[in-house]
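> Got a structure for you, written out below as structure tokens; questions coming shortly.
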Amino acid sequence: MGVKRRDRLEVVYDILRIVRDHHNSILPTPLLRKSNLSSSSFAEYHDELLEKDFIKEVQDEKGRTYITLTDRGFLFLDKYQLILRFIDEFEL
Amino acid sequence: MPLPEAWFVVPELVFTVLAVAACAAIYWKTKQSYDLTRHRGIKYFRDAFVLFGLAYVTRFLFSLLFLSRLVLDVIVARRVAFMLSLLPLAYFSTAAALYLVLSLVWRKLPERGTVFGLHAIALALSVAAFLTRSQELLIALQAVLMIVIAAFVLMRRPRRKGSPTRILYLLVIALWLVNLGGITRRHELPWWVNIAFHAAALITLLIIYLRVRKWA
């Protein structure tokens, strides 16, 4: 039996959820590993999420770049199930 | 120089305002879902109701022109105004119906050519109605399109069992056609039949809004 490919929304949700579940602060490398994406796919999603203001990058005192959620990222996580139900209900 | 008959215009105006309000409410209620996801299905769904709103506005203008025998003959030929209102009426309503269907089937279709093709069909239909100056032809063409859509939509296996979405979509399109026909056939039908069809269209839009409000 084949494995179901995640759709774009699901991938975005998974990435944001991983960040949130890591106390809203995670390095890119563990995020890449936990998101189960190829490096190139991850880079695309990362850029897209930054551009759409779902995540932001912050640097600690040692110069390491962490990924955190923005308010919009939290809003997406809050609304995700409802949006999925809406898409499902109207077969969109 | 008889003015549009008030008994007909008032319910038409009330109907138009309520229908446009329902379409606008559906559009605004889904704004956040679209802003967050940029989901193509949600986009087409919202676009369909913007176009239906515009179609209902042009339908009202069309009905005024159809009924009036007044100053327009002096200022600008009534026939020209009538034809000019038929063009956007046909375009908006055809595109609206097609966008509604596209929101169901977009995953199976390429992004670029599909939207272009949709607008080309809407334009071809409206130009045909415009050139023949016939709202009857428009209704006939949209009815044929409606039958094709119905066959296409009902034959597809639903993604979600028991969802009345497709029936609601077909009702929106069918009631649009009936209410468009009601403008020219109003003397042949009892007044309450027109009111009943208006009410049915509004109830269908209201049901869609309430279902949207539940989730979006």
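Here's how to read the names in the structure tokens: chain A, B, ... by the order shown, residue numbers from 1 in each chain, ligand numbers from 1 in the order shown.
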Dump as a list in words the residues of chain B that approach chain A to within 6 Å, counting only C-alpha atoms.
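Close to chain A, chain B has Gly41, Ser103, Leu104, Thr165, Trp215 and Ala216 of chain B.
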> Assign secondary structure with DSSP using the backbone only, and return the residues of chain A in helix (DSSP H, G or I) as a ChimeraX atom specification.
/A:8-21,28-35,39-51,71-89
> Please list as a PDB file with N, CA, C and O atoms, in the first residue's frame every residue within 9 Å of stretch 33-37 of chain A, counting only C-alpha atoms and excluding residues in the same chain fewer than 2 positions away.

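Writing done, so here's out19.pdb:
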```
ATOM      1  N   VAL A  11       1.544  20.038   5.077  1.00  0.00           N
ATOM      2  CA  VAL A  11       2.980  20.226   5.331  1.00  0.00           C
ATOM      3  C   VAL A  11       3.210  21.510   6.130  1.00  0.00           C
ATOM      4  O   VAL A  11       3.965  21.532   7.107  1.00  0.00           O
ATOM      5  N   ASP A  14       2.206  20.916   9.640  1.00  0.00           N
ATOM      6  CA  ASP A  14       3.183  20.076  10.351  1.00  0.00           C
ATOM      7  C   ASP A  14       4.406  20.890  10.779  1.00  0.00           C
ATOM      8  O   ASP A  14       4.886  20.765  11.910  1.00  0.00           O
ATOM      9  N   ILE A  15       4.912  21.717   9.860  1.00  0.00           N
ATOM     10  CA  ILE A  15       6.099  22.519  10.186  1.00  0.00           C
ATOM     11  C   ILE A  15       5.797  23.475  11.343  1.00  0.00           C
ATOM     12  O   ILE A  15       6.555  23.563  12.318  1.00  0.00           O
ATOM     13  N   ILE A  18       5.424  21.690  14.659  1.00  0.00           N
ATOM     14  CA  ILE A  18       6.712  21.261  15.233  1.00  0.00           C
ATOM     15  C   ILE A  18       7.377  22.435  15.950  1.00  0.00           C
ATOM     16  O   ILE A  18       7.883  22.293  17.071  1.00  0.00           O
ATOM     17  N   PRO A  28      16.959  25.342  12.480  1.00  0.00           N
ATOM     18  CA  PRO A  28      16.511  24.824  11.177  1.00  0.00           C
ATOM     19  C   PRO A  28      16.820  23.343  10.962  1.00  0.00           C
ATOM     20  O   PRO A  28      15.999  22.613  10.394  1.00  0.00           O
ATOM     21  N   THR A  29      17.977  22.865  11.412  1.00  0.00           N
ATOM     22  CA  THR A  29      18.346  21.469  11.113  1.00  0.00           C
ATOM     23  C   THR A  29      17.405  20.452  11.773  1.00  0.00           C
ATOM     24  O   THR A  29      16.885  19.569  11.084  1.00  0.00           O
ATOM     25  N   PRO A  30      17.141  20.551  13.091  1.00  0.00           N
ATOM     26  CA  PRO A  30      16.152  19.617  13.644  1.00  0.00           C
ATOM     27  C   PRO A  30      14.756  19.804  13.056  1.00  0.00           C
ATOM     28  O   PRO A  30      14.008  18.817  12.911  1.00  0.00           O
ATOM     29  N   LEU A  31      14.440  21.005  12.675  1.00  0.00           N
ATOM     30  CA  LEU A  31      13.122  21.226  12.055  1.00  0.00           C
ATOM     31  C   LEU A  31      13.044  20.489  10.715  1.00  0.00           C
ATOM     32  O   LEU A  31      12.038  19.848  10.408  1.00  0.00           O
ATOM     33  N   SER A  39      15.714  18.367   1.591  1.00  0.00           N
ATOM     34  CA  SER A  39      16.324  19.681   1.856  1.00  0.00           C
ATOM     35  C   SER A  39      15.752  20.756   0.935  1.00  0.00           C
ATOM     36  O   SER A  39      15.462  21.874   1.375  1.00  0.00           O
ATOM     37  N   SER A  40      15.580  20.388  -0.337  1.00  0.00           N
ATOM     38  CA  SER A  40      15.101  21.407  -1.285  1.00  0.00           C
ATOM     39  C   SER A  40      13.645  21.791  -0.991  1.00  0.00           C
ATOM     40  O   SER A  40      13.280  22.962  -1.022  1.00  0.00           O
ATOM     41  N   SER A  41      12.803  20.776  -0.676  1.00  0.00           N
ATOM     42  CA  SER A  41      11.407  21.078  -0.337  1.00  0.00           C
ATOM     43  C   SER A  41      11.338  21.928   0.919  1.00  0.00           C
ATOM     44  O   SER A  41      10.577  22.901   0.998  1.00  0.00           O
ATOM     45  N   PHE A  42      12.146  21.545   1.897  1.00  0.00           N
ATOM     46  CA  PHE A  42      12.140  22.284   3.158  1.00  0.00           C
ATOM     47  C   PHE A  42      12.528  23.744   2.919  1.00  0.00           C
ATOM     48  O   PHE A  42      11.903  24.665   3.473  1.00  0.00           O
TER      49      PHE A  42
END
```
> With a distance cut-off of 12 Å and only C-alpha atoms, select the neighbouring residues of B:Ile147, excluding the residue or stretch itself and same-chain residues fewer than 4 positions from it, and output the selection as a list in words.
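Counting only C-alpha atoms, the residues come to Ala97, Ala140, Leu141, Gln142, Ala143, Ala151, Phe152, Val153, Leu154, Met155, Leu170, Ile173, Ala174 and Leu177 of chain B.
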> What is the distance between atom CA of B:Leu51 and atom CA of B:Phe92, in Å to one decimal?
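About the pair atom CA of B:Leu51 and atom CA of B:Phe92: they are 5.3 Å apart.
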> What does the distance between atom CA of B:Ala150 and atom CA of B:Tyr169 come to in Å, to one decimal place?
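Computing the Euclidean distance for atom CA of B:Ala150 and atom CA of B:Tyr169 yields 9.3 Å.
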> Which of these residues is nearest to B:Arg40, using only C-alpha atoms: B:Phe197, B:Phe62, B:Phe82, B:Tyr99?
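Looking only at the distances to B:Arg40, the closest residue turns out to be B:Tyr99.
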> At what distance in Å, to one decimal, does atom CA of B:Tyr27 lie from atom CA of B:Asp47?
7.8 Å
> Got a sec: who's within 8 Å of B:Ala25, counting only C-alpha atoms, leaving out chain neighbours fewer than 4 positions off, as an MDAnalysis selection string?
chainID B and resid 21 29 209
> Would you please extract all strand (DSSP E or B) residues from stretch 39-80 of chain A, as assigned by DSSP on the backbone, and give them as a list in words?
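Listing strand (DSSP E or B) positions across stretch 39-80 of chain A yields Ile55, Lys56, Glu57, Val58, Gln59, Thr65, Tyr66, Ile67, Thr68 and Leu69 of chain A.
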> So that I can see what lies close to A:Leu69, please list as a PyMOL selection string the residues with an atom at most 7 Å from it, counting only C-alpha atoms and leaving out residues fewer than 5 positions away in the same chain.
chain A and resi 19-20+24+54-56+74
> I need the chosen residues saved as a PDB file, in the first residue's frame, with all heavy atoms.

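Writing the result to out30.pdb gives the following:
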```
ATOM      1  N   VAL A  19       7.327  23.601  15.296  1.00  0.00           N
ATOM      2  CA  VAL A  19       7.938  24.793  15.928  1.00  0.00           C
ATOM      3  C   VAL A  19       7.233  25.090  17.250  1.00  0.00           C
ATOM      4  O   VAL A  19       7.873  25.301  18.284  1.00  0.00           O
ATOM      5  CB  VAL A  19       7.857  26.022  14.984  1.00  0.00           C
ATOM      6  CG1 VAL A  19       8.442  27.256  15.662  1.00  0.00           C
ATOM      7  CG2 VAL A  19       8.575  25.746  13.669  1.00  0.00           C
ATOM      8  N   ARG A  20       5.907  25.096  17.210  1.00  0.00           N
ATOM      9  CA  ARG A  20       5.139  25.407  18.433  1.00  0.00           C
ATOM     10  C   ARG A  20       5.452  24.402  19.541  1.00  0.00           C
ATOM     11  O   ARG A  20       5.639  24.778  20.698  1.00  0.00           O
ATOM     12  CB  ARG A  20       3.636  25.395  18.117  1.00  0.00           C
ATOM     13  CG  ARG A  20       2.765  25.779  19.309  1.00  0.00           C
ATOM     14  CD  ARG A  20       1.306  25.472  19.057  1.00  0.00           C
ATOM     15  NE  ARG A  20       1.100  24.033  18.836  1.00  0.00           N
ATOM     16  CZ  ARG A  20      -0.048  23.505  18.407  1.00  0.00           C
ATOM     17  NH1 ARG A  20      -1.078  24.281  18.133  1.00  0.00           N
ATOM     18  NH2 ARG A  20      -0.165  22.193  18.236  1.00  0.00           N
ATOM     19  N   ASN A  24       8.168  27.006  20.765  1.00  0.00           N
ATOM     20  CA  ASN A  24       8.226  28.089  19.783  1.00  0.00           C
ATOM     21  C   ASN A  24       9.653  28.561  19.506  1.00  0.00           C
ATOM     22  O   ASN A  24       9.893  29.752  19.315  1.00  0.00           O
ATOM     23  CB  ASN A  24       7.346  29.274  20.232  1.00  0.00           C
ATOM     24  CG  ASN A  24       7.124  30.250  19.099  1.00  0.00           C
ATOM     25  OD1 ASN A  24       7.198  29.874  17.925  1.00  0.00           O
ATOM     26  ND2 ASN A  24       6.891  31.501  19.437  1.00  0.00           N
ATOM     27  N   PHE A  54       4.453  33.668   8.593  1.00  0.00           N
ATOM     28  CA  PHE A  54       4.010  32.628   9.527  1.00  0.00           C
ATOM     29  C   PHE A  54       5.120  32.333  10.547  1.00  0.00           C
ATOM     30  O   PHE A  54       4.847  31.904  11.655  1.00  0.00           O
ATOM     31  CB  PHE A  54       3.676  31.330   8.799  1.00  0.00           C
ATOM     32  CG  PHE A  54       2.341  31.353   8.107  1.00  0.00           C
ATOM     33  CD1 PHE A  54       2.182  30.784   6.857  1.00  0.00           C
ATOM     34  CD2 PHE A  54       1.238  31.929   8.703  1.00  0.00           C
ATOM     35  CE1 PHE A  54       0.954  30.790   6.217  1.00  0.00           C
ATOM     36  CE2 PHE A  54       0.004  31.945   8.079  1.00  0.00           C
ATOM     37  CZ  PHE A  54      -0.136  31.379   6.819  1.00  0.00           C
ATOM     38  N   ILE A  55       6.371  32.495  10.105  1.00  0.00           N
ATOM     39  CA  ILE A  55       7.513  32.276  10.991  1.00  0.00           C
ATOM     40  C   ILE A  55       8.469  33.452  10.879  1.00  0.00           C
ATOM     41  O   ILE A  55       8.389  34.225   9.921  1.00  0.00           O
ATOM     42  CB  ILE A  55       8.279  30.958  10.644  1.00  0.00           C
ATOM     43  CG1 ILE A  55       8.769  30.986   9.183  1.00  0.00           C
ATOM     44  CG2 ILE A  55       7.439  29.737  10.925  1.00  0.00           C
ATOM     45  CD1 ILE A  55       9.716  29.829   8.822  1.00  0.00           C
ATOM     46  N   LYS A  56       9.351  33.565  11.872  1.00  0.00           N
ATOM     47  CA  LYS A  56      10.425  34.559  11.754  1.00  0.00           C
ATOM     48  C   LYS A  56      11.704  33.932  12.304  1.00  0.00           C
ATOM     49  O   LYS A  56      11.644  32.917  13.035  1.00  0.00           O
ATOM     50  CB  LYS A  56      10.070  35.845  12.496  1.00  0.00           C
ATOM     51  CG  LYS A  56       9.860  35.690  13.969  1.00  0.00           C
ATOM     52  CD  LYS A  56       9.445  37.007  14.588  1.00  0.00           C
ATOM     53  CE  LYS A  56       9.160  36.791  16.068  1.00  0.00           C
ATOM     54  NZ  LYS A  56       8.571  37.930  16.725  1.00  0.00           N
ATOM     55  N   PHE A  74       0.592  31.335  14.686  1.00  0.00           N
ATOM     56  CA  PHE A  74      -0.289  30.780  15.728  1.00  0.00           C
ATOM     57  C   PHE A  74      -1.750  30.780  15.268  1.00  0.00           C
ATOM     58  O   PHE A  74      -2.490  29.836  15.543  1.00  0.00           O
ATOM     59  CB  PHE A  74      -0.151  31.590  17.029  1.00  0.00           C
ATOM     60  CG  PHE A  74       1.057  31.217  17.836  1.00  0.00           C
ATOM     61  CD1 PHE A  74       2.114  32.100  18.014  1.00  0.00           C
ATOM     62  CD2 PHE A  74       1.140  29.950  18.439  1.00  0.00           C
ATOM     63  CE1 PHE A  74       3.235  31.736  18.754  1.00  0.00           C
ATOM     64  CE2 PHE A  74       2.257  29.591  19.188  1.00  0.00           C
ATOM     65  CZ  PHE A  74       3.299  30.483  19.345  1.00  0.00           C
TER      66      PHE A  74
END
```
